[in-house]
Structures are given as structure tokens and as C-alpha cells.
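A quick write-up on the structure given underneath.
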Amino acid sequence: MTQIAIVLYPSFTALDLVGPYESLHYLPSADVRFVWHQTGPLTADSGVLTIGATHTFEETSSPDVVLVPGGPGSVRAAQDEVLLSWLRQVSTTADWTTSVCSGSVILAAAGLLTDRRATSHWITLPVLKTFGAVPVGDERIVVEGRIATAAGVSAGMDLGLWLTAQIGGEERARAVQLGLEYDPQPPFDSGHVSRASRRSKAMATAMLSRDVVRTGQLGAATQMAWGRTINAVRTASARRRRGSSGR
């Protein structure tokens with residue numbers, strides 16, 4: 001039995017978790033759990049789609065795989081001490097601790113990415129650095145030990161297949177890919193920030209910013225930014241005091 005814990009929280013991005021779920025649930029004896037503080041429905045960033053948490057953190061103390069999705073709600077989730085504490089605990093025994101999109105910010109806030117290479121959605125890559133991670137913007141999946149982070153949204157599909165291969169073998173992963181008919185042939189070549197036009201980048205940034213405002217995450221984002229700044233100032237001040245006392 002492979003227990004797979006997919007974290008939910010308010011205002012997650014649906015494809016971040018549904019994409020990898022579609023691969024992972026094909027693993028033999030897969031026990032997929034959608035976990036949160038309590039069981040029940042949580043609504044995605046669209047405000048329309050709802051997915052139910054099937055298990056609580058307390059009920060899921062030793063999953064084999066942990067997957068944290070991204071979304072506008074990741075800002076507030078990155079300040080949820082119960083979630084962060086649970087991630088620190090389960091990551092010590094999990095075979096894989098993973099994230100999609102800005103879910104890596106939550107892992108970073110838990111202290112799991114300090115001095116580690118990690119990726120995220122292009123718009124949140126700078127945030128990783130503030131938590132001591134080493135941002136990587138040109139890799140779809142970044143693996144550091146037993147931690148794997150995937151880039152934005154659709155990269156979760158790739159992560160799901162990659163994890164399926166790690167757990168169930170490459171042949172099964174290839175069969176799952178065929179079953180899903182995952183054969184990307186996008187009509188536009190604008191899927192990475194390095195190839196997008198200035199206009200596309202401006203429109204995408206505005207669109208994503210509206211999501212943060214619409215889902216009520218702006219205050220949380222400001223609070224998190226201030227918190228990181230204040231902590232940096234306090235740390236620098238403490239170092240100066242230690243240096244002075246040692247003279």
C-alpha cells in the first residue's frame with residue numbers, strides 16, 4: 001500500500017493537484033488522501049470547483065508521498081503553523097515530499113528547502129529565495145534528495161508521471177501516460193517565460209495578481225512579506241550584537 005497525501009487548502013489551483021492525481025491513483029494499492037485540518041469541501045481559486053478533504057492531518061501521520069499544490073491560497077497556507085509542522089514531521093519519513101507551482105513556497109516556509117535547489121511558478125520564484133532556497137527557473141522538475149518540486153500548474157502532470165515511474169516503474173508510467181493520452185501539442189509557444197512576449201507576460205501577471213486580490217490573499221501576502229523582512233532585520237541585529245560582545 002502506497003499512501004499518497006495530497007494537501008488541500010482554500011483557493012488552491014485545481015490542475016496542480018488533479019494533474020498528478022490522475023497518474024498517481026493508477027499505482028497498485030494506492031491509498032490517495034486529500035488532507036486538511038478537517039474533512040469536508042474546500043473551494044479552488046476559481047470559486048466554483050470544490051474538492052473534499054477525505055482525511056485530516058492527524059489521521060495521516062506517515063504518508064509515503066506528500067504533494068502540496070499551489071494557488072493564490074498558498075500565501076496564507078505558508079503561514080499555517082499546523083500545516084507547516086505536519087510537513088516537517090511527515091517529510092522525515094516520506095519517500096517523497098513534493099510540490100507543484102507555488103506549493104514550493106509552503107515547503108520553503110516549513111524550512112524544507114533551505115539551501116536546496118527548487119522551482120515554482122515563474123511569478124513566485126523570487127519568494128523562494130527569501131526563504132533560503134535556491135530558485136531554479138529553467139527546469140520542469142527539480143529533485144533534491146527526497147524532495148521534488150515542479151514548476152507552474154501544468155508541470156504537475158509531469159511530476160505525477162515522474163513519481164509514478166519512481167514508485168511503480170517506468171513501464172507503468174508509460175502505460176499511464178498512454179492511458180491519459182498525455183501528448184502535449186500546445187497551439188502556442190508561450191508556455192515558458194523565456195519564450196513569452198512582453199505583452200503576454202504583462203497580461204499573465206495582471207491576471208494572476210487579480211486572482212490574489214479576488215481570493216482575499218493580498219493581506220496575507222503583505223503580512224508574509226513584512227514578516228520575512230522583520231525577521232531578516234532581527235537576525236542581522238542579533239549577529240551584530242554577538243559580534244560586538246565577542247570583541
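Residue names in the C-alpha cells use chain letters A, B, ... in the order shown, residue numbers from 1 in each chain, and ligand numbers from 1 in the order shown.
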Counting only C-alpha atoms, which residues in segment 38-138 of chain A sit no more than 9 Å from segment 14-17 of chain A? For each one, give the nearest pair of atoms and the distance in Å, sorted by chain then residue number, as JSON lines.
{"residue": "A:Ala44", "atom": "CA", "partner": "A:Ala14", "partner_atom": "CA", "distance": 6.0}
{"residue": "A:Asp45", "atom": "CA", "partner": "A:Ala14", "partner_atom": "CA", "distance": 7.6}
{"residue": "A:Ser46", "atom": "CA", "partner": "A:Ala14", "partner_atom": "CA", "distance": 8.4}
{"residue": "A:Leu49", "atom": "CA", "partner": "A:Ala14", "partner_atom": "CA", "distance": 7.8}
{"residue": "A:Thr50", "atom": "CA", "partner": "A:Ala14", "partner_atom": "CA", "distance": 8.9}
{"residue": "A:Ile51", "atom": "CA", "partner": "A:Ala14", "partner_atom": "CA", "distance": 8.8}
{"residue": "A:Leu67", "atom": "CA", "partner": "A:Leu17", "partner_atom": "CA", "distance": 7.8}
{"residue": "A:Val68", "atom": "CA", "partner": "A:Leu17", "partner_atom": "CA", "distance": 7.7}
{"residue": "A:Pro69", "atom": "CA", "partner": "A:Asp16", "partner_atom": "CA", "distance": 5.1}
{"residue": "A:Gly70", "atom": "CA", "partner": "A:Asp16", "partner_atom": "CA", "distance": 6.3}
{"residue": "A:Gly71", "atom": "CA", "partner": "A:Asp16", "partner_atom": "CA", "distance": 8.0}
{"residue": "A:Ser99", "atom": "CA", "partner": "A:Asp16", "partner_atom": "CA", "distance": 8.7}
{"residue": "A:Val100", "atom": "CA", "partner": "A:Asp16", "partner_atom": "CA", "distance": 5.8}
{"residue": "A:Cys101", "atom": "CA", "partner": "A:Asp16", "partner_atom": "CA", "distance": 7.0}
{"residue": "A:Gly103", "atom": "CA", "partner": "A:Asp16", "partner_atom": "CA", "distance": 8.8}
So, counting only C-alpha atoms, which residue among A:Trp36, A:Gly73, A:Leu125, A:Ala94 is closest to Thr56 of chain A? A:Trp36
Give me the residues within 12 Å of Glu81 of chain A as JSON, numbers by chain, counting only C-alpha atoms and dropping any in the same chain fewer than 4 places off. {"A": [37, 76, 77, 85, 86, 87, 88, 106, 107, 109, 110, 111]}
